[in-house]
file query_5.pdb (PDB, C-alpha atoms and all ligand atoms)
MODEL        1
ATOM      1  CA  MET K   1       0.700  87.168 -44.695
ATOM      2  CA  ARG K   2      -1.752  85.966 -42.066
ATOM      3  CA  VAL K   3      -0.053  85.395 -38.713
ATOM      4  CA  LEU K   4      -1.523  83.677 -35.677
ATOM      5  CA  ILE K   5       0.392  84.553 -32.492
ATOM      6  CA  LEU K   6      -0.123  82.260 -29.512
ATOM      7  CA  GLY K   7       0.378  84.765 -26.727
ATOM      8  CA  GLY K   8      -0.014  85.536 -23.061
ATOM      9  CA  THR K   9       3.455  87.086 -22.722
ATOM     10  CA  GLY K  10       5.090  90.500 -23.050
ATOM     11  CA  GLU K  11       6.963  89.257 -26.127
ATOM     12  CA  ALA K  12       3.681  88.290 -27.809
ATOM     13  CA  ARG K  13       2.259  91.757 -27.126
ATOM     14  CA  SER K  14       5.422  93.459 -28.399
ATOM     15  CA  LEU K  15       5.345  91.355 -31.558
ATOM     16  CA  ALA K  16       1.678  92.172 -32.202
ATOM     17  CA  ALA K  17       2.431  95.871 -31.654
ATOM     18  CA  ALA K  18       5.452  95.786 -33.989
ATOM     19  CA  LEU K  19       3.472  94.097 -36.781
ATOM     20  CA  ASP K  20       0.405  96.298 -36.292
ATOM     21  CA  GLY K  21       1.685  99.059 -38.573
ATOM     22  CA  ARG K  22       2.884  96.673 -41.286
ATOM     23  CA  PRO K  23       0.538  96.462 -44.281
ATOM     24  CA  ASP K  24       2.079  93.130 -45.346
ATOM     25  CA  PHE K  25       0.969  91.330 -42.160
ATOM     26  CA  GLU K  26      -2.504  90.519 -40.861
ATOM     27  CA  VAL K  27      -2.150  89.460 -37.243
ATOM     28  CA  THR K  28      -4.444  87.718 -34.777
ATOM     29  CA  SER K  29      -3.280  87.153 -31.203
ATOM     30  CA  SER K  30      -4.632  84.241 -29.204
ATOM     31  CA  LEU K  31      -4.958  84.166 -25.413
ATOM     32  CA  ALA K  32      -5.908  81.186 -23.282
ATOM     33  CA  GLY K  33      -8.327  83.221 -21.151
ATOM     34  CA  ARG K  34      -6.756  82.079 -17.869
ATOM     35  CA  VAL K  35      -6.426  85.418 -16.043
ATOM     36  CA  ALA K  36      -9.304  87.708 -15.135
ATOM     37  CA  ASN K  37      -7.994  90.954 -16.653
ATOM     38  CA  PRO K  38      -5.404  90.031 -19.253
ATOM     39  CA  ALA K  39      -3.148  92.689 -20.754
ATOM     40  CA  LEU K  40      -4.528  92.752 -24.301
ATOM     41  CA  PRO K  41      -2.317  92.940 -27.379
ATOM     42  CA  VAL K  42      -3.080  95.583 -30.005
ATOM     43  CA  GLY K  43      -4.961  94.352 -33.058
ATOM     44  CA  ALA K  44      -7.267  91.372 -33.456
ATOM     45  CA  VAL K  45      -7.518  89.082 -30.431
ATOM     46  CA  ARG K  46      -9.292  85.771 -29.867
ATOM     47  CA  ILE K  47      -9.628  84.268 -26.402
ATOM     48  CA  GLY K  48     -10.011  80.652 -25.256
ATOM     49  CA  GLY K  49      -8.599  77.197 -25.968
ATOM     50  CA  PHE K  50      -8.844  75.613 -29.426
ATOM     51  CA  GLY K  51      -9.795  72.139 -28.241
ATOM     52  CA  GLY K  52      -6.386  70.479 -28.477
ATOM     53  CA  ALA K  53      -4.017  70.171 -31.432
ATOM     54  CA  ALA K  54      -6.858  69.082 -33.755
ATOM     55  CA  GLY K  55      -8.839  72.199 -32.826
ATOM     56  CA  LEU K  56      -5.797  74.339 -33.553
ATOM     57  CA  VAL K  57      -5.414  72.691 -36.979
ATOM     58  CA  ASP K  58      -9.066  73.578 -37.718
ATOM     59  CA  HIS K  59      -8.492  77.138 -36.541
ATOM     60  CA  LEU K  60      -5.367  77.580 -38.680
ATOM     61  CA  ARG K  61      -7.328  76.376 -41.714
ATOM     62  CA  THR K  62     -10.399  78.482 -40.909
ATOM     63  CA  ILE K  63      -8.486  81.739 -40.682
ATOM     64  CA  GLY K  64      -6.161  80.785 -43.560
ATOM     65  CA  ALA K  65      -3.053  81.252 -41.414
ATOM     66  CA  ASP K  66       0.218  81.413 -43.344
ATOM     67  CA  VAL K  67       2.434  81.216 -40.251
ATOM     68  CA  LEU K  68       2.102  80.347 -36.588
ATOM     69  CA  VAL K  69       4.148  82.027 -33.848
ATOM     70  CA  ASP K  70       4.378  80.296 -30.481
ATOM     71  CA  ALA K  71       5.136  83.239 -28.195
ATOM     72  CA  THR K  72       3.676  81.575 -25.110
ATOM     73  CA  HIS K  73       5.312  81.403 -21.703
ATOM     74  CA  PRO K  74       8.292  79.005 -21.386
ATOM     75  CA  PHE K  75       6.257  76.875 -18.938
ATOM     76  CA  ALA K  76       3.147  76.629 -21.151
ATOM     77  CA  ALA K  77       4.301  73.224 -22.430
ATOM     78  CA  THR K  78       0.933  71.849 -23.530
ATOM     79  CA  ILE K  79       0.076  74.615 -25.978
ATOM     80  CA  SER K  80       3.647  74.519 -27.341
ATOM     81  CA  ALA K  81       3.306  70.779 -28.004
ATOM     82  CA  HIS K  82      -0.076  71.395 -29.661
ATOM     83  CA  ALA K  83       1.413  74.195 -31.769
ATOM     84  CA  ALA K  84       4.176  71.905 -33.051
ATOM     85  CA  GLU K  85       1.720  69.110 -33.850
ATOM     86  CA  ALA K  86      -0.867  71.385 -35.452
ATOM     87  CA  ALA K  87       1.670  73.316 -37.558
ATOM     88  CA  ARG K  88       3.008  70.031 -38.920
ATOM     89  CA  ALA K  89      -0.473  68.682 -39.660
ATOM     90  CA  ALA K  90      -1.666  71.914 -41.301
ATOM     91  CA  GLY K  91       1.599  72.493 -43.206
ATOM     92  CA  VAL K  92       1.992  75.936 -41.636
ATOM     93  CA  PRO K  93       5.512  77.210 -40.751
ATOM     94  CA  LEU K  94       6.016  77.643 -36.997
ATOM     95  CA  VAL K  95       8.516  79.636 -34.978
ATOM     96  CA  ALA K  96       8.812  79.725 -31.189
ATOM     97  CA  VAL K  97       9.820  82.904 -29.351
ATOM     98  CA  ARG K  98      11.541  82.078 -26.059
ATOM     99  CA  ARG K  99      13.253  84.676 -23.913
ATOM    100  CA  PRO K 100      16.594  83.375 -22.576
ATOM    101  CA  ALA K 101      16.590  81.471 -19.304
ATOM    102  CA  TRP K 102      18.055  83.206 -16.243
ATOM    103  CA  THR K 103      21.677  82.507 -15.394
ATOM    104  CA  GLU K 104      23.296  82.408 -11.979
ATOM    105  CA  CYS K 105      25.557  85.340 -10.954
ATOM    106  CA  ALA K 106      28.232  85.633  -8.272
ATOM    107  CA  GLY K 107      26.488  85.640  -4.894
ATOM    108  CA  ASP K 108      23.464  83.637  -6.059
ATOM    109  CA  ARG K 109      22.607  80.496  -4.106
ATOM    110  CA  TRP K 110      20.443  78.587  -6.565
ATOM    111  CA  THR K 111      19.448  74.951  -6.603
ATOM    112  CA  ARG K 112      18.049  73.932  -9.975
ATOM    113  CA  VAL K 113      15.306  71.293  -9.946
ATOM    114  CA  ARG K 114      13.508  69.590 -12.804
ATOM    115  CA  ASP K 115       9.905  70.184 -11.719
ATOM    116  CA  ILE K 116       7.656  71.520  -8.987
ATOM    117  CA  GLY K 117       7.586  68.180  -7.119
ATOM    118  CA  ALA K 118      11.371  68.301  -6.818
ATOM    119  CA  ALA K 119      11.081  71.932  -5.642
ATOM    120  CA  ALA K 120       8.709  70.865  -2.856
ATOM    121  CA  ALA K 121      11.177  68.139  -1.801
ATOM    122  CA  GLU K 122      13.966  70.765  -1.600
ATOM    123  CA  VAL K 123      11.747  73.019   0.523
ATOM    124  CA  ALA K 124      10.808  70.153   2.853
ATOM    125  CA  ALA K 125      14.510  69.725   3.681
ATOM    126  CA  LEU K 126      14.934  73.404   4.688
ATOM    127  CA  PRO K 127      14.894  74.557   8.325
ATOM    128  CA  PRO K 128      11.605  76.056   9.557
ATOM    129  CA  GLY K 129      10.780  79.561   8.341
ATOM    130  CA  CYS K 130       8.914  81.436   5.649
ATOM    131  CA  VAL K 131       9.277  80.266   2.037
ATOM    132  CA  PHE K 132       8.332  82.714  -0.729
ATOM    133  CA  VAL K 133       6.636  80.835  -3.581
ATOM    134  CA  THR K 134       6.131  82.548  -6.952
ATOM    135  CA  THR K 135       5.542  79.542  -9.195
ATOM    136  CA  GLY K 136       1.925  80.353 -10.046
ATOM    137  CA  ARG K 137      -1.431  79.374  -8.653
ATOM    138  CA  ARG K 138      -1.640  75.960 -10.337
ATOM    139  CA  ASP K 139       1.517  74.517  -8.778
ATOM    140  CA  LEU K 140       0.623  74.958  -5.129
ATOM    141  CA  ALA K 141      -0.693  71.426  -4.570
ATOM    142  CA  ALA K 142       2.936  70.248  -4.423
ATOM    143  CA  PHE K 143       3.402  72.098  -1.105
ATOM    144  CA  THR K 144       0.159  71.222   0.690
ATOM    145  CA  ALA K 145       1.709  68.388   2.737
ATOM    146  CA  ASP K 146       4.310  70.778   4.199
ATOM    147  CA  GLY K 147       3.110  71.923   7.616
ATOM    148  CA  ALA K 148       6.626  72.684   8.833
ATOM    149  CA  HIS K 149       7.044  75.894   6.833
ATOM    150  CA  GLU K 150       5.145  79.105   6.462
ATOM    151  CA  PHE K 151       4.465  79.992   2.844
ATOM    152  CA  LEU K 152       4.249  83.437   1.350
ATOM    153  CA  VAL K 153       2.457  82.707  -1.924
ATOM    154  CA  ARG K 154       2.209  85.368  -4.621
ATOM    155  CA  THR K 155      -0.141  84.875  -7.571
ATOM    156  CA  VAL K 156      -1.859  87.099 -10.146
ATOM    157  CA  ASP K 157      -5.352  85.645  -9.596
ATOM    158  CA  PRO K 158      -6.546  83.796  -6.471
ATOM    159  CA  PRO K 159      -5.598  80.091  -6.388
ATOM    160  CA  ARG K 160      -8.536  77.698  -6.707
ATOM    161  CA  GLY K 161      -7.050  74.512  -5.271
ATOM    162  CA  PRO K 162      -5.802  73.626  -1.797
ATOM    163  CA  LEU K 163      -2.988  75.662  -0.203
ATOM    164  CA  PRO K 164      -0.284  74.678   2.277
ATOM    165  CA  PRO K 165      -1.684  74.842   5.835
ATOM    166  CA  ARG K 166       0.266  77.973   6.869
ATOM    167  CA  THR K 167      -0.100  80.287   3.879
ATOM    168  CA  THR K 168      -0.112  84.053   3.496
ATOM    169  CA  LEU K 169      -1.535  84.879   0.085
ATOM    170  CA  LEU K 170      -0.452  87.952  -1.824
ATOM    171  CA  LEU K 171      -2.259  88.879  -5.053
ATOM    172  CA  ALA K 172      -0.075  91.007  -7.314
ATOM    173  CA  ARG K 173       1.033  91.387 -10.889
ATOM    174  CA  GLY K 174       4.557  92.402 -11.926
ATOM    175  CA  PRO K 175       6.729  94.100 -12.875
ATOM    176  CA  TYR K 176       8.326  94.333  -9.425
ATOM    177  CA  THR K 177      11.199  96.473  -8.149
ATOM    178  CA  GLU K 178      14.257  95.303  -6.260
ATOM    179  CA  PRO K 179      13.593  97.575  -3.218
ATOM    180  CA  GLY K 180       9.989  96.348  -3.131
ATOM    181  CA  GLU K 181      11.043  92.697  -3.288
ATOM    182  CA  ALA K 182      13.739  93.230  -0.636
ATOM    183  CA  ALA K 183      11.223  94.934   1.683
ATOM    184  CA  LEU K 184       8.733  92.087   1.193
ATOM    185  CA  MET K 185      11.359  89.457   1.992
ATOM    186  CA  ARG K 186      12.448  91.415   5.069
ATOM    187  CA  ARG K 187       8.866  91.910   6.304
ATOM    188  CA  HIS K 188       8.084  88.193   6.065
ATOM    189  CA  ASP K 189      11.505  86.971   7.222
ATOM    190  CA  VAL K 190      11.822  84.917   4.054
ATOM    191  CA  ILE K 191      14.376  82.084   4.295
ATOM    192  CA  ALA K 192      14.041  80.765   0.715
ATOM    193  CA  LEU K 193      12.500  81.629  -2.643
ATOM    194  CA  VAL K 194      10.893  79.149  -5.045
ATOM    195  CA  THR K 195      10.533  80.300  -8.634
ATOM    196  CA  LYS K 196      10.217  78.958 -12.149
ATOM    197  CA  ASP K 197      12.966  79.893 -14.618
ATOM    198  CA  SER K 198      10.692  82.249 -16.530
ATOM    199  CA  GLY K 199      13.511  84.515 -17.698
ATOM    200  CA  GLY K 200      13.059  88.177 -18.640
ATOM    201  CA  ASP K 201      13.071  91.411 -16.660
ATOM    202  CA  MET K 202       9.499  91.563 -15.346
ATOM    203  CA  THR K 203      10.087  89.283 -12.352
ATOM    204  CA  TYR K 204      13.890  89.327 -12.070
ATOM    205  CA  ALA K 205      13.959  91.775  -9.121
ATOM    206  CA  LYS K 206      13.189  89.002  -6.614
ATOM    207  CA  LEU K 207      16.388  87.215  -7.666
ATOM    208  CA  VAL K 208      18.470  90.360  -7.075
ATOM    209  CA  ALA K 209      16.819  90.833  -3.672
ATOM    210  CA  ALA K 210      17.479  87.169  -2.791
ATOM    211  CA  ARG K 211      21.140  87.527  -3.867
ATOM    212  CA  GLU K 212      21.606  90.617  -1.737
ATOM    213  CA  ARG K 213      20.059  88.936   1.288
ATOM    214  CA  ALA K 214      21.943  85.635   0.642
ATOM    215  CA  ILE K 215      18.602  83.836   0.449
ATOM    216  CA  PRO K 216      18.700  80.413  -1.255
ATOM    217  CA  VAL K 217      16.602  80.024  -4.406
ATOM    218  CA  VAL K 218      14.957  76.842  -5.642
ATOM    219  CA  MET K 219      14.820  77.329  -9.418
ATOM    220  CA  VAL K 220      12.448  75.116 -11.399
ATOM    221  CA  ASP K 221      13.919  74.375 -14.842
ATOM    222  CA  ARG K 222      11.909  74.897 -18.009
ATOM    223  CA  PRO K 223      10.212  72.029 -19.763
ATOM    224  CA  PRO K 224      11.860  71.273 -23.131
ATOM    225  CA  LEU K 225      10.407  72.711 -26.334
ATOM    226  CA  PRO K 226       9.010  70.147 -28.765
ATOM    227  CA  PRO K 227      11.891  68.932 -30.977
ATOM    228  CA  GLY K 228      12.463  70.455 -34.396
ATOM    229  CA  VAL K 229      10.779  73.819 -33.773
ATOM    230  CA  PRO K 230      12.896  76.787 -34.928
ATOM    231  CA  THR K 231      13.352  79.103 -31.967
ATOM    232  CA  VAL K 232      14.314  82.758 -31.615
ATOM    233  CA  SER K 233      14.924  84.622 -28.382
ATOM    234  CA  THR K 234      13.796  88.165 -29.216
ATOM    235  CA  VAL K 235      10.885  89.915 -30.894
ATOM    236  CA  HIS K 236      13.374  91.476 -33.315
ATOM    237  CA  ASP K 237      14.525  88.019 -34.431
ATOM    238  CA  ALA K 238      10.913  86.832 -34.698
ATOM    239  CA  ILE K 239      10.205  89.690 -37.134
ATOM    240  CA  SER K 240      13.319  88.788 -39.157
ATOM    241  CA  TRP K 241      12.108  85.186 -39.287
ATOM    242  CA  LEU K 242       8.634  86.305 -40.454
ATOM    243  CA  ASP K 243      10.204  88.552 -43.103
ATOM    244  CA  SER K 244      12.289  85.628 -44.355
ATOM    245  CA  VAL K 245       9.179  83.438 -44.674
ATOM    246  CA  ALA K 246       7.297  86.246 -46.436
ATOM    247  CA  ALA K 247      10.156  86.871 -48.905
TER
HETATM  248  P1  LIG K 301      -0.681  75.201 -21.183
HETATM  249  O1  LIG K 301      -0.788  74.386 -19.941
HETATM  250  O2  LIG K 301       0.456  74.981 -22.082
HETATM  251  O3  LIG K 301      -1.998  75.038 -22.078
HETATM  252  C1  LIG K 301      -3.208  74.471 -21.565
HETATM  253  C2  LIG K 301      -4.306  74.745 -22.552
HETATM  254  O4  LIG K 301      -4.646  76.129 -22.551
HETATM  255  C3  LIG K 301      -3.932  74.454 -23.998
HETATM  256  O5  LIG K 301      -4.049  73.073 -24.300
HETATM  257  C4  LIG K 301      -4.915  75.327 -24.745
HETATM  258  O6  LIG K 301      -6.218  74.759 -24.697
HETATM  259  C5  LIG K 301      -4.984  76.550 -23.863
HETATM  260  N1  LIG K 301      -4.041  77.600 -24.252
HETATM  261  C6  LIG K 301      -2.827  77.892 -23.710
HETATM  262  N2  LIG K 301      -2.295  78.967 -24.286
HETATM  263  C7  LIG K 301      -3.188  79.385 -25.211
HETATM  264  C8  LIG K 301      -3.218  80.484 -26.128
HETATM  265  N3  LIG K 301      -2.222  81.381 -26.175
HETATM  266  N4  LIG K 301      -4.314  80.605 -26.926
HETATM  267  C9  LIG K 301      -5.337  79.722 -26.861
HETATM  268  N5  LIG K 301      -5.370  78.675 -26.004
HETATM  269  C10 LIG K 301      -4.295  78.517 -25.198
HETATM  270  O7  LIG K 301      -0.746  76.750 -20.828
HETATM  271  P2  LIG K 301      -0.722  77.475 -19.378
HETATM  272  O8  LIG K 301       0.570  77.174 -18.721
HETATM  273  O9  LIG K 301      -2.030  77.202 -18.713
HETATM  274  O10 LIG K 301      -0.687  78.984 -19.829
HETATM  275  C11 LIG K 301      -1.850  79.590 -20.366
HETATM  276  C12 LIG K 301      -1.450  80.891 -21.016
HETATM  277  O11 LIG K 301      -0.902  81.752 -20.028
HETATM  278  C13 LIG K 301      -0.401  80.703 -22.111
HETATM  279  O12 LIG K 301      -0.873  81.334 -23.268
HETATM  280  C14 LIG K 301       0.848  81.341 -21.567
HETATM  281  O13 LIG K 301       1.546  82.075 -22.537
HETATM  282  C15 LIG K 301       0.336  82.257 -20.454
HETATM  283  N6  LIG K 301       1.219  82.267 -19.271
HETATM  284  C16 LIG K 301       1.570  81.106 -18.657
HETATM  285  C17 LIG K 301       2.428  81.125 -17.559
HETATM  286  C18 LIG K 301       2.884  79.856 -16.879
HETATM  287  O14 LIG K 301       3.666  79.947 -15.904
HETATM  288  N7  LIG K 301       2.463  78.674 -17.326
HETATM  289  C19 LIG K 301       2.897  82.352 -17.088
HETATM  290  C20 LIG K 301       2.512  83.552 -17.727
HETATM  291  C21 LIG K 301       1.672  83.484 -18.833
HETATM  292  P3  LIG K 301      -6.771  73.830 -25.878
HETATM  293  O15 LIG K 301      -6.084  72.514 -25.720
HETATM  294  O16 LIG K 301      -8.246  73.784 -25.619
HETATM  295  O17 LIG K 301      -6.436  74.496 -27.172
ENDMDL
END
call {"tool": "encode", "arguments": {"input": "query_5.pdb", "output": "structure tokens"}}
result
Amino acid sequence: MRVLILGGTGEARSLAAALDGRPDFEVTSSLAGRVANPALPVGAVRIGGFGGAAGLVDHLRTIGADVLVDATHPFAATISAHAAEAARAAGVPLVAVRRPAWTECAGDRWTRVRDIGAAAAEVAALPPGCVFVTTGRRDLAAFTADGAHEFLVRTVDPPRGPLPPRTTLLLARGPYTEPGEAALMRRHDVIALVTKDSGGDMTYAKLVAARERAIPVVMVDRPPLPPGVPTVSTVHDAISWLDSVAA
């Protein structure tokens, strides 16, 4: 069975690795090509956009894909919409792999907001101080009008667009540790954390550090998945789903 995995996540890499030894699957992983040195999945990899949903339909037909797996990041809403549209148009079964969202624990001080604009409005209402922003390099425009706060911005690759006027930029790639995150927050006197609800373990340490320091968190909710797409939350369940399609 020919499988196209839309990737860019740890789950996509784990799935490609798990299927690599299986003679009944022929897997290609697809990356957007956004980051400079992406962690590459094992097996065949293609890099770059398809040219919208229509381009993805062409690609599915060209490689003779039997199934499509959307294992992209929970905030990669455009490619997920294209995957749903293209799978329907090409008549190819689609499954989405989405790690569970984070949930609040005792001691957390989270405010959930629907998008990055709402997060910036929450930050604007905070007292002066340093706000730690980990929402990714493309969402920083929302904060550029805020001259009242200092921003500690952490991204994987350097941001290209404008930054808030008082920004300290930190380039780093997870996973992070709780002591490391706590030390960073202490060093910069962080008064609030802004994050997307990415879920998973790789970047959870900042939320533990914020809890322990009683730092408020502005949590940007996930965009919804396109309706009607079967969804699993683990790589194990994705393999079971693929096996059921293959049977
Ligand atoms: P997006 O806004 O949903 O997609 C924008 C465009 O990028 C898509 O229309 C598509 O271009 C191309 N694209 C995205 N994922 C692709 C893939 N796996 N293979 C081929 N083309 C892809 O996506 P994004 O938020 O920029 O994220 C880009 C990639 O980074 C995703 O694969 C995602 O898994 C990963 N990622 C994203 C985040 C995040 O916070 N958004 C975090 C970690 C990793 P065409 O229309 O030309 O086909």
call {"tool": "resolve_selection", "arguments": {"input": "query_5.pdb", "expression": "the PyMOL selection byres (((chain K and resi 121) around 12) and not hetatm)", "output": "VMD selection string"}}
result
chain K and resid 111 113 to 120 122 to 126 142 to 146 194 218 220
call {"tool": "resolve_selection", "arguments": {"input": "query_5.pdb", "expression": "the PyMOL selection byres (((chain K and resi 92) around 7) and not hetatm)", "output": "list in words"}}
result
Asp66, Val67, Leu68, Ala87, Arg88, Ala90, Gly91, Pro93 and Leu94 of chain K
call {"tool": "write_last_selection", "arguments": {"input": "query_5.pdb", "atoms": "C-alpha atoms", "output": "mmCIF file, keeping the file's coordinate frame"}}
result
data_model
loop_
_atom_site.group_PDB
_atom_site.id
_atom_site.type_symbol
_atom_site.label_atom_id
_atom_site.label_comp_id
_atom_site.auth_asym_id
_atom_site.auth_seq_id
_atom_site.Cartn_x
_atom_site.Cartn_y
_atom_site.Cartn_z
ATOM 1 C CA ASP K 66 0.218 81.413 -43.344
ATOM 2 C CA VAL K 67 2.434 81.216 -40.251
ATOM 3 C CA LEU K 68 2.102 80.347 -36.588
ATOM 4 C CA ALA K 87 1.670 73.316 -37.558
ATOM 5 C CA ARG K 88 3.008 70.031 -38.920
ATOM 6 C CA ALA K 90 -1.666 71.914 -41.301
ATOM 7 C CA GLY K 91 1.599 72.493 -43.206
ATOM 8 C CA PRO K 93 5.512 77.210 -40.751
ATOM 9 C CA LEU K 94 6.016 77.643 -36.997
#
call {"tool": "resolve_selection", "arguments": {"input": "query_5.pdb", "expression": "the PyMOL selection byres (((not hetatm)) within 9 of (chain K and resi 301))", "output": "VMD selection string"}}
result
chain K and resid 5 to 10 12 29 to 35 46 to 56 70 to 82 135 to 138 196 198
call {"tool": "atom_distance", "arguments": {"input": "query_5.pdb", "atom1": "atom CA of K:Met219", "atom2": "atom CA of K:Asp108"}}
result
11.2 Å
call {"tool": "atom_distance", "arguments": {"input": "query_5.pdb", "atom1": "atom CA of K:Pro38", "atom2": "atom CA of K:Asp197"}}
result
21.5 Å
call {"tool": "atom_distance", "arguments": {"input": "query_5.pdb", "atom1": "atom CA of K:Gly147", "atom2": "atom CA of K:Arg166"}}
result
6.7 Å
call {"tool": "closest_residue", "arguments": {"input": "query_5.pdb", "among": "K:Asp20, K:Leu152, K:Ser14, K:Arg99", "to": "K:His188", "atoms": "only C-alpha atoms"}}
result
K:Leu152
call {"tool": "axis_aligned_box", "arguments": {"input": "query_5.pdb", "around": "stretch 142-156 of chain K", "padding_each_side": "4 Å", "output": "lines of an AutoDock Vina configuration file"}}
result
center_x = 2.6
center_y = 77.7
center_z = -0.7
size_x = 16.9
size_y = 26.7
size_z = 27.0
call {"tool": "closest_residue", "arguments": {"input": "query_5.pdb", "among": "K:Val97, K:Arg13, K:Met1, K:Ala36", "to": "K:Asp157", "atoms": "only C-alpha atoms"}}
result
K:Ala36
call {"tool": "closest_residue", "arguments": {"input": "query_5.pdb", "among": "K:His149, K:Val208, K:Ala182, K:Val235", "to": "K:Val69", "atoms": "all atoms listed in the file"}}
result
K:Val235
call {"tool": "closest_residue", "arguments": {"input": "query_5.pdb", "among": "K:Asp243, K:Glu26, K:Asp201, K:Glu212", "to": "K:Trp102", "atoms": "all atoms listed in the file"}}
result
K:Asp201
call {"tool": "closest_residue", "arguments": {"input": "query_5.pdb", "among": "K:Ala192, K:Ala101, K:Val42, K:Leu171", "to": "K:Glu150", "atoms": "only C-alpha atoms"}}
result
K:Ala192
call {"tool": "closest_residue", "arguments": {"input": "query_5.pdb", "among": "K:Ala209, K:Val153, K:Ala148, K:Ala44", "to": "K:Glu178", "atoms": "all atoms listed in the file"}}
result
K:Ala209
